[in-house]
>>> print(open('protein.cif').read())   # mmCIF, C-alpha atoms
data_model
#
loop_
_atom_site.label_atom_id
_atom_site.label_comp_id
_atom_site.auth_asym_id
_atom_site.auth_seq_id
_atom_site.Cartn_x
_atom_site.Cartn_y
_atom_site.Cartn_z
CA MET A 2 8.78 16.28 -7.69
CA ALA A 3 8.98 19.18 -10.06
CA SER A 4 6.85 19.19 -13.17
CA PRO A 5 6.77 21.44 -16.25
CA GLN A 6 5.88 24.95 -15.09
CA ARG A 7 4.32 23.61 -11.93
CA ASN A 8 5.24 22.06 -8.59
CA LEU A 9 3.08 19.28 -7.21
CA GLN A 10 2.63 19.92 -3.52
CA CYS A 11 1.19 17.61 -0.88
CA SER A 12 -1.09 20.37 0.33
CA PRO A 13 -4.06 19.51 2.58
CA THR A 14 -5.85 22.67 1.56
CA GLU A 15 -5.81 22.34 -2.23
CA SER A 16 -9.14 21.69 -3.87
CA LEU A 17 -9.34 20.82 -7.55
CA GLN A 18 -13.11 20.89 -7.69
CA SER A 19 -16.18 20.79 -5.52
CA ASP A 20 -16.95 17.28 -4.29
CA SER A 21 -20.56 17.88 -5.26
CA GLU A 22 -19.54 17.96 -8.93
CA THR A 23 -19.01 14.21 -8.82
CA GLN A 24 -22.18 13.24 -7.03
CA GLY A 25 -24.13 13.11 -10.30
CA LEU A 26 -21.78 10.65 -11.98
CA GLU A 27 -23.77 7.74 -13.28
CA ALA A 28 -22.45 4.60 -14.93
CA ALA A 29 -24.35 1.81 -16.62
CA GLN A 30 -22.87 -1.66 -16.60
CA SER A 31 -21.11 -1.33 -19.97
CA PRO A 32 -17.57 -0.88 -21.31
CA GLU A 33 -18.34 2.68 -22.36
CA ALA A 34 -19.49 3.54 -18.85
CA VAL A 35 -16.33 2.11 -17.32
CA GLU A 36 -14.26 4.24 -19.67
CA GLU A 37 -16.26 7.26 -18.53
CA ALA A 38 -16.06 6.89 -14.74
CA TYR A 39 -15.67 3.28 -13.48
CA VAL A 40 -18.45 3.24 -10.91
CA SER A 41 -21.42 5.20 -9.63
CA SER A 42 -24.23 5.04 -7.13
CA ASP A 43 -26.40 3.47 -9.81
CA PRO A 44 -28.17 0.31 -8.55
CA SER A 45 -26.68 -1.62 -11.45
CA THR A 46 -23.17 -1.17 -10.08
CA PRO A 47 -21.78 -4.64 -9.27
CA ASP A 48 -21.77 -5.64 -5.61
CA ILE A 49 -17.98 -5.93 -5.50
CA LEU A 50 -17.68 -2.27 -6.50
CA LYS A 51 -20.24 -1.28 -3.89
CA VAL A 52 -17.97 -2.98 -1.38
CA ALA A 53 -15.06 -0.94 -2.68
CA CYS A 54 -16.99 2.34 -2.60
CA ALA A 55 -17.98 1.76 1.01
CA ALA A 56 -14.57 0.57 2.10
CA TYR A 57 -12.77 3.50 0.47
CA GLY A 58 -14.95 5.89 2.47
CA PRO A 59 -13.18 8.58 4.54
CA SER A 60 -14.74 7.41 7.80
CA THR A 61 -14.87 3.98 9.37
CA PRO A 62 -15.77 1.61 6.52
CA GLU A 63 -19.15 -0.04 6.61
CA SER A 64 -19.48 -2.92 4.21
CA PRO A 65 -22.83 -2.80 2.42
CA GLN A 66 -25.13 -5.68 3.16
CA SER A 67 -25.67 -5.99 -0.57
CA SER A 68 -22.25 -7.64 -0.73
CA TRP A 69 -24.01 -10.75 0.49
CA SER A 70 -26.17 -12.09 -2.31
CA SER A 71 -29.80 -12.81 -1.59
CA SER A 72 -29.19 -16.43 -2.58
CA THR A 73 -26.50 -16.79 0.09
CA VAL A 74 -28.74 -15.41 2.80
CA SER A 75 -31.71 -17.42 1.56
CA THR A 76 -29.66 -20.61 1.65
CA ALA A 77 -28.36 -19.82 5.11
CA THR A 78 -31.86 -19.28 6.46
CA SER A 79 -33.73 -21.86 4.42
CA SER A 80 -34.09 -24.27 7.32
CA SER A 81 -35.91 -21.67 9.38
CA LYS A 82 -38.31 -21.06 6.48
CA SER A 83 -38.95 -24.62 5.42
CA SER A 84 -42.45 -24.58 6.85
CA GLU A 85 -43.49 -21.46 4.97
CA GLY A 86 -45.49 -22.33 1.89
CA SER A 87 -46.41 -19.03 0.25
CA SER A 88 -45.40 -15.39 -0.06
CA SER A 89 -48.30 -14.34 2.17
CA GLN A 90 -47.13 -16.76 4.84
CA GLU A 91 -43.61 -15.33 4.54
CA GLU A 92 -44.96 -11.82 5.02
CA GLU A 93 -46.89 -12.92 8.09
CA ALA A 94 -43.80 -14.63 9.44
CA SER A 95 -41.68 -11.50 8.80
CA ALA A 96 -44.25 -9.36 10.59
CA SER A 97 -44.24 -11.77 13.51
CA VAL A 98 -40.44 -11.70 13.68
CA ALA A 99 -40.49 -7.89 13.60
CA LYS A 100 -42.70 -7.90 16.69
CA GLU A 101 -40.73 -10.57 18.48
CA GLY A 102 -37.21 -9.30 17.70
CA PRO A 103 -34.56 -8.83 14.99
CA ASP A 104 -34.95 -10.56 11.66
CA PRO A 105 -32.76 -13.71 11.78
CA ARG A 106 -31.59 -12.98 8.23
CA SER A 107 -30.40 -9.52 9.25
CA VAL A 108 -28.63 -10.96 12.27
CA LEU A 109 -26.89 -13.51 10.06
CA VAL A 110 -25.84 -10.88 7.52
CA ASP A 111 -24.36 -8.72 10.30
CA ALA A 112 -22.54 -11.71 11.75
CA LEU A 113 -21.10 -12.70 8.37
CA GLU A 114 -19.97 -9.12 7.73
CA ASP A 115 -18.19 -9.13 11.08
CA LYS A 116 -16.43 -12.38 10.17
CA VAL A 117 -15.33 -10.99 6.81
CA THR A 118 -13.90 -7.89 8.50
CA LEU A 119 -12.13 -10.06 11.08
CA LEU A 120 -10.65 -12.29 8.39
CA VAL A 121 -9.46 -9.29 6.32
CA ASP A 122 -7.70 -7.88 9.37
CA SER A 123 -6.02 -11.25 9.97
CA LEU A 124 -4.96 -11.57 6.33
CA LEU A 125 -3.37 -8.12 6.52
CA VAL A 126 -1.43 -9.18 9.62
CA LYS A 127 -0.16 -12.23 7.75
CA TYR A 128 0.78 -10.09 4.75
CA ARG A 129 2.78 -7.67 6.90
CA ALA A 130 4.60 -10.62 8.46
CA LYS A 131 5.14 -12.18 4.99
CA GLU A 132 3.61 -15.39 6.29
CA PRO A 133 1.16 -17.79 4.62
CA ILE A 134 -2.13 -18.73 6.22
CA THR A 135 -3.92 -22.07 6.25
CA LYS A 136 -7.59 -22.83 5.92
CA GLU A 137 -7.48 -24.27 9.42
CA GLU A 138 -6.18 -20.96 10.78
CA MET A 139 -8.88 -19.06 8.93
CA LEU A 140 -11.59 -21.37 10.26
CA THR A 141 -10.30 -20.70 13.76
CA ILE A 142 -10.49 -16.97 13.09
CA VAL A 143 -14.09 -17.04 11.82
CA SER A 144 -15.00 -19.76 14.38
CA LYS A 145 -16.23 -23.26 13.65
CA GLU A 146 -19.79 -22.04 14.15
CA TYR A 147 -19.59 -20.41 10.70
CA GLN A 148 -17.67 -23.13 8.88
CA ASP A 149 -20.69 -23.82 6.64
CA HIS A 150 -20.33 -20.24 5.37
CA PHE A 151 -16.54 -20.31 5.14
CA THR A 152 -16.42 -20.36 1.33
CA ASP A 153 -18.56 -17.22 1.11
CA ILE A 154 -16.64 -15.48 3.89
CA LEU A 155 -13.29 -16.21 2.22
CA LEU A 156 -14.64 -15.03 -1.15
CA GLN A 157 -15.80 -11.71 0.29
CA ALA A 158 -12.57 -11.22 2.24
CA SER A 159 -10.49 -11.99 -0.84
CA GLU A 160 -12.47 -9.50 -2.93
CA ARG A 161 -11.89 -6.77 -0.38
CA MET A 162 -8.18 -7.55 -0.19
CA GLU A 163 -8.10 -7.32 -3.98
CA ILE A 164 -10.15 -4.16 -4.49
CA ILE A 165 -9.12 -2.14 -1.46
CA TYR A 166 -5.50 -3.16 -0.92
CA GLY A 167 -4.45 -4.57 -4.31
CA LEU A 168 -3.51 -7.92 -2.77
CA ASP A 169 -4.23 -11.41 -4.03
CA VAL A 170 -5.11 -14.30 -1.71
CA LYS A 171 -3.81 -17.34 -3.58
CA GLU A 172 -3.98 -20.99 -2.63
CA VAL A 173 -0.38 -22.19 -3.05
CA ASP A 174 -0.76 -25.65 -1.50
CA PRO A 175 -4.07 -27.35 -2.42
CA ILE A 176 -3.23 -30.42 -0.33
CA HIS A 177 -2.73 -28.57 2.94
CA HIS A 178 -4.99 -25.67 1.89
CA CYS A 179 -2.28 -23.07 2.44
CA TYR A 180 -2.72 -19.53 1.10
CA ALA A 181 -0.21 -16.78 0.31
CA ILE A 182 -1.01 -13.07 0.17
CA VAL A 183 0.86 -11.30 -2.64
CA ILE A 184 0.70 -8.01 -4.53
CA LYS A 185 -1.48 -8.23 -7.63
CA LEU A 186 -0.57 -7.81 -11.31
CA GLY A 187 3.15 -8.41 -10.82
CA LEU A 188 3.65 -5.07 -9.06
CA THR A 189 6.34 -4.85 -6.38
CA TYR A 190 5.15 -1.77 -4.48
CA ASP A 191 2.67 -1.84 -1.61
CA GLY A 192 3.08 1.71 -0.29
CA MET A 193 3.21 0.62 3.35
CA LEU A 194 6.05 3.04 4.05
CA HIS A 195 4.06 5.98 2.68
CA GLY A 196 1.01 7.68 4.14
CA GLU A 197 -0.74 5.59 6.76
CA LYS A 198 1.98 3.21 7.94
CA ASP A 199 1.65 -0.56 7.53
CA VAL A 200 -1.40 -0.25 5.26
CA PRO A 201 -1.03 -1.57 1.67
CA LYS A 202 -1.97 1.03 -0.92
CA THR A 203 -1.53 -0.90 -4.16
CA GLY A 204 -5.30 -0.92 -4.65
CA ILE A 205 -5.45 2.80 -5.37
CA LEU A 206 -2.38 2.52 -7.62
CA ILE A 207 -4.06 -0.18 -9.73
CA LEU A 208 -7.20 1.96 -9.86
CA LEU A 209 -5.17 4.86 -11.25
CA LEU A 210 -3.31 2.71 -13.78
CA GLY A 211 -6.66 1.38 -14.97
CA ALA A 212 -8.10 4.88 -15.21
CA ILE A 213 -5.18 6.08 -17.29
CA PHE A 214 -5.41 3.11 -19.64
CA MET A 215 -9.18 3.41 -20.08
CA LYS A 216 -8.82 7.13 -20.78
CA GLY A 217 -6.51 6.53 -23.74
CA ASN A 218 -3.22 6.10 -21.85
CA ARG A 219 -3.39 9.57 -20.36
CA ALA A 220 -5.78 11.04 -17.82
CA THR A 221 -6.04 14.66 -16.77
CA GLU A 222 -5.93 15.66 -13.12
CA GLU A 223 -9.65 16.42 -13.29
CA GLU A 224 -10.43 12.94 -14.66
CA VAL A 225 -8.25 11.25 -12.05
CA TRP A 226 -9.89 13.05 -9.16
CA LYS A 227 -13.39 12.51 -10.52
CA ILE A 228 -12.76 8.78 -10.42
CA LEU A 229 -11.22 8.95 -6.95
CA ASN A 230 -14.11 11.09 -5.71
CA VAL A 231 -16.54 8.39 -6.80
CA MET A 232 -14.53 6.01 -4.59
CA ASN A 233 -14.86 8.53 -1.71
CA VAL A 234 -11.22 9.62 -1.96
CA TYR A 235 -10.97 13.41 -2.02
CA ARG A 236 -8.18 15.85 -2.66
CA GLY A 237 -7.01 17.58 0.49
CA GLN A 238 -8.77 15.14 2.85
CA LYS A 239 -6.98 12.58 4.96
CA HIS A 240 -8.17 9.06 4.28
CA ASP A 241 -8.32 6.23 6.83
CA ILE A 242 -6.60 3.79 4.48
CA PHE A 243 -4.39 5.96 2.29
CA GLY A 244 -3.69 8.92 4.53
CA ASP A 245 -3.02 12.03 2.45
CA ALA A 246 -4.14 10.73 -0.95
CA THR A 247 -2.91 13.90 -2.66
CA CYS A 248 0.62 13.36 -1.38
CA LEU A 249 0.47 9.66 -2.17
CA ILE A 250 -0.48 10.27 -5.79
CA THR A 251 1.38 13.48 -6.61
CA LYS A 252 4.59 12.62 -4.75
CA HIS A 253 5.14 8.98 -3.84
CA PHE A 254 3.67 7.33 -6.95
CA LEU A 255 5.76 9.72 -9.06
CA GLU A 256 8.93 9.12 -7.04
CA GLU A 257 8.41 5.36 -7.36
CA GLU A 258 8.02 5.92 -11.13
CA TYR A 259 4.63 4.22 -11.36
CA LEU A 260 3.10 7.45 -12.64
CA LYS A 261 4.37 10.17 -14.92
CA TYR A 262 3.09 13.73 -14.73
CA GLN A 263 3.28 16.28 -17.52
CA GLN A 264 1.57 19.28 -19.05
CA VAL A 265 -1.11 18.60 -21.63
CA ALA A 266 0.26 19.60 -25.02
CA ASN A 267 -0.88 23.02 -26.25
CA SER A 268 -3.14 23.57 -23.24
CA ASP A 269 -3.84 27.20 -22.39
CA PRO A 270 -4.41 27.73 -19.56
CA ALA A 271 -2.04 24.91 -18.64
CA GLN A 272 -3.58 21.55 -17.80
CA PHE A 273 -1.71 18.55 -16.50
CA GLU A 274 -2.12 14.83 -17.01
CA PHE A 275 -0.98 11.48 -15.64
CA LEU A 276 0.51 8.63 -17.67
CA TRP A 277 1.98 5.25 -16.77
CA GLY A 278 5.51 5.58 -15.49
CA PRO A 279 8.44 3.35 -16.54
CA ARG A 280 8.10 1.08 -13.50
CA ALA A 281 4.46 0.37 -14.29
CA HIS A 282 5.40 -0.60 -17.85
CA ALA A 283 8.20 -2.81 -16.54
CA GLU A 284 6.22 -4.67 -13.88
CA THR A 285 2.75 -5.17 -15.35
CA THR A 286 0.91 -5.05 -18.65
CA LYS A 287 -2.16 -3.40 -20.07
CA MET A 288 -3.71 -6.84 -20.48
CA GLU A 289 -3.26 -7.64 -16.79
CA VAL A 290 -4.84 -4.34 -15.81
CA LEU A 291 -7.68 -4.85 -18.29
CA LYS A 292 -8.38 -8.35 -16.97
CA TYR A 293 -8.45 -6.93 -13.46
CA LEU A 294 -10.94 -4.21 -14.42
CA ALA A 295 -13.10 -6.68 -16.32
CA LYS A 296 -13.18 -9.04 -13.34
CA VAL A 297 -14.10 -6.26 -10.95
CA TYR A 298 -16.81 -5.02 -13.26
CA GLY A 299 -18.21 -8.50 -13.97
CA SER A 300 -17.42 -8.24 -17.67
CA ASP A 301 -15.14 -9.82 -20.26
CA PRO A 302 -11.88 -8.14 -21.33
CA ARG A 303 -12.93 -8.49 -24.98
CA SER A 304 -15.98 -6.32 -24.35
CA PHE A 305 -13.61 -3.36 -24.08
CA THR A 306 -12.85 -3.63 -27.78
CA SER A 307 -10.28 -0.91 -28.39
CA GLN A 308 -8.47 -1.47 -25.10
CA TYR A 309 -8.38 -5.22 -25.66
CA GLU A 310 -6.92 -4.81 -29.14
CA GLU A 311 -4.26 -2.45 -27.79
CA ALA A 312 -3.42 -4.75 -24.88
CA PHE A 313 -3.29 -7.80 -27.16
CA GLN A 314 -0.92 -5.99 -29.52
CA GLU A 315 1.33 -5.14 -26.59
CA GLU A 316 1.31 -8.80 -25.53
CA GLN A 317 2.38 -9.82 -29.04
CA GLU A 318 5.20 -7.31 -29.06
CA ARG A 319 6.41 -8.42 -25.63
CA SER A 320 6.35 -12.04 -26.74
CA GLN A 321 8.41 -11.25 -29.84
CA ALA A 322 10.90 -9.30 -27.72
CA ARG A 323 11.25 -12.23 -25.29
CA ASN A 324 11.80 -14.66 -28.15
CA ALA A 325 14.46 -12.39 -29.64
CA THR A 326 16.20 -12.10 -26.27
CA ALA A 327 16.11 -15.88 -25.84
CA ALA A 328 17.70 -16.32 -29.26
CA VAL A 329 20.54 -13.98 -28.31
CA ASP A 330 21.07 -15.72 -24.97
CA SER A 331 21.19 -19.15 -26.61
CA HIS A 332 23.40 -18.39 -29.61
CA GLY A 333 25.10 -15.12 -28.89
CA HIS A 334 23.57 -13.59 -32.01
CA PHE A 335 20.29 -13.54 -33.90
CA GLN A 336 19.47 -16.50 -36.10
CA PHE A 337 18.13 -15.62 -39.56
#
>>> encode(input="protein.cif", output="structure tokens")
Amino acid sequence: MASPQRNLQCSPTESLQSDSETQGLEAAQSPEAVEEAYVSSDPSTPDILKVACAAYGPSTPESPQSSWSSSTVSTATSSSKSSEGSSSQEEEASASVAKEGPDPRSVLVDALEDKVTLLVDSLLVKYRAKEPITKEEMLTIVSKEYQDHFTDILLQASERMEIIYGLDVKEVDPIHHCYAIVIKLGLTYDGMLHGEKDVPKTGILILLLGAIFMKGNRATEEEVWKILNVMNVYRGQKHDIFGDATCLITKHFLEEEYLKYQQVANSDPAQFEFLWGPRAHAETTKMEVLKYLAKVYGSDPRSFTSQYEEAFQEEQERSQARNATAAVDSHGHFQF
């Protein structure tokens, strides 16, 4: 798609900046930090974002063991530790286990990670087939041996579907425990026909919409790629999930009218920026995107004060527009 004074090309050799420039990005767990760069390698980064960072990696994803909380692992192994009465005894027991073989906790964590990965793969198959999935089917997939951990496994799998692929695993029949897999935030595009075939790419689209909103409704190319670099998505490098991310963002997202691309006003030399496209405005709202970001970051939407006020104002305006439309539909004219 042509842009003012510049053509966006899906070139595998373009490089906006050195990847090393983004390695020093640090973000504290605060609204201001999210506005600055979403995530970082800082230990305070929420576990769900660590999962996303690992899964977005350019090589085979390895889910960080930190995605399993210490309380989960402790509960799962509590029976094997019931006879241990002090920290010194625990250390002696750990040393003994190290000599005798693998730590049972580590073995359990690895096994649970494998089950999460297996369940995610199965949920993606169901999504592609546009079929629901039942709890019974999922239990069969993870095996009855791990049914005591099913709630945790489903939670982790759902978070990865949400963060990586932009899909929501929703229970639609509480009686029969039946779940549907749908695109999040009211969006209708999953990108499976673009880039790597049959792989949903709504996750990166939501990430970009959030970045643009948090940056004041416009984000420069440099800002966009800094954020993507933090998620291990690099310009000019093929990605296991998204394929050619450059082409996906600078061609397909523009063609689908989810993003708009234009020159920054009065910039010399010319700089370019991304904004929400008309389809994004039509299908979702700033409030939905803000709630999504707040959930991912373990915060409250109201903690992002200026963005929340802007999103709330938009909600009010949309509500007034709907009421006006309803009045016209009911009476054929406005009632004063």
>>> residues_near_point(input="protein.cif", point="(4.4, -20.2, -2.2)", cutoff="10 Å", atoms="all atoms listed in the file", output="list of chain:residue names")
A:Glu132, A:Pro133, A:Lys171, A:Glu172, A:Val173, A:Asp174, A:Cys179, A:Tyr180, A:Ala181, A:Ile182, A:Val183
>>> closest_residue(input="protein.cif", among="A:Leu206, A:Ile154, A:Leu124, A:Ile242", to="Ala112 in chain A", atoms="all atoms listed in the file")
A:Ile154
>>> closest_residue(input="protein.cif", among="A:Ala220, A:Ala283, A:Leu229, A:Val297", to="Val265 in chain A", atoms="only C-alpha atoms")
A:Ala220
>>> closest_residue(input="protein.cif", among="A:Glu222, A:Thr118, A:Lys136, A:Tyr259", to="Gln272 in chain A", atoms="all atoms listed in the file")
A:Glu222
>>> axis_aligned_box(input="protein.cif", around="range 230-240 of chain A", padding_each_side="8 Å", output="JSON")
{"center_x": -11.8, "center_y": 11.8, "center_z": -0.9, "size_x": 25.6, "size_y": 27.6, "size_z": 27.8}
>>> residues_near_point(input="protein.cif", point="(-7.5, -13.7, 12.5)", cutoff="8 Å", atoms="all atoms listed in the file", output="number ranges by chain")
A: 119-124, 138-139, 141-143
>>> closest_residue(input="protein.cif", among="A:Glu315, A:Ile205, A:Val108, A:Phe151", to="Thr285 in chain A", atoms="all atoms listed in the file")
A:Glu315
>>> resolve_selection(input="protein.cif", expression="the PyMOL selection byres ((chain A and resi 210) around 9)", output="list of chain:residue names")
A:Ile205, A:Leu206, A:Ile207, A:Leu208, A:Leu209, A:Gly211, A:Ala212, A:Ile213, A:Phe214, A:Met215, A:Asn218, A:Tyr259, A:Leu260, A:Leu276, A:Trp277, A:Ala281, A:Lys287, A:Val290
>>> resolve_selection(input="protein.cif", expression="the PyMOL selection byres ((chain A and resi 191) around 10)", output="CSV table (one decimal) with C-alpha atoms, in the coordinates of the input")
chain,number,residue,atom,x,y,z
A,166,TYR,CA,-5.5,-3.2,-0.9
A,167,GLY,CA,-4.4,-4.6,-4.3
A,168,LEU,CA,-3.5,-7.9,-2.8
A,183,VAL,CA,0.9,-11.3,-2.6
A,184,ILE,CA,0.7,-8.0,-4.5
A,185,LYS,CA,-1.5,-8.2,-7.6
A,188,LEU,CA,3.6,-5.1,-9.1
A,189,THR,CA,6.3,-4.8,-6.4
A,190,TYR,CA,5.2,-1.8,-4.5
A,192,GLY,CA,3.1,1.7,-0.3
A,193,MET,CA,3.2,0.6,3.4
A,194,LEU,CA,6.0,3.0,4.0
A,195,HIS,CA,4.1,6.0,2.7
A,199,ASP,CA,1.6,-0.6,7.5
A,200,VAL,CA,-1.4,-0.2,5.3
A,201,PRO,CA,-1.0,-1.6,1.7
A,202,LYS,CA,-2.0,1.0,-0.9
A,203,THR,CA,-1.5,-0.9,-4.2
A,204,GLY,CA,-5.3,-0.9,-4.6
A,206,LEU,CA,-2.4,2.5,-7.6
>>> residues_around(input="protein.cif", residues="Pro302 in chain A", least_positions_apart="5", cutoff="10 Å", atoms="all atoms listed in the file", output="compact mmCIF listing (two decimals) with C-alpha atoms, keeping the file's coordinate frame")
# COMPACT_ATOMS: atom_id res chain seq x y z
CA PRO A 32 -17.57 -0.88 -21.31
CA MET A 288 -3.71 -6.84 -20.48
CA GLU A 289 -3.26 -7.64 -16.79
CA VAL A 290 -4.84 -4.34 -15.81
CA LEU A 291 -7.68 -4.85 -18.29
CA LYS A 292 -8.38 -8.35 -16.97
CA TYR A 293 -8.45 -6.93 -13.46
CA LEU A 294 -10.94 -4.21 -14.42
CA ALA A 295 -13.10 -6.68 -16.32
CA LYS A 296 -13.18 -9.04 -13.34
CA GLN A 308 -8.47 -1.47 -25.10
CA TYR A 309 -8.38 -5.22 -25.66
CA GLU A 310 -6.92 -4.81 -29.14
CA ALA A 312 -3.42 -4.75 -24.88
>>> resolve_selection(input="protein.cif", expression="the PyMOL selection byres ((chain A and resi 156) around 12)", output="list in words")
Ile49, Ser68, Trp69, Ser70, Leu113, Glu114, Lys116, Val117, Leu120, Val121, His150, Phe151, Thr152, Asp153, Ile154, Leu155, Gln157, Ala158, Ser159, Glu160, Arg161, Met162, Glu163, Asp169, Val170 and Lys171 of chain A
>>> atom_distance(input="protein.cif", atom1="CA of Phe273 in chain A", atom2="CA of Glu223 in chain A")
8.8 Å
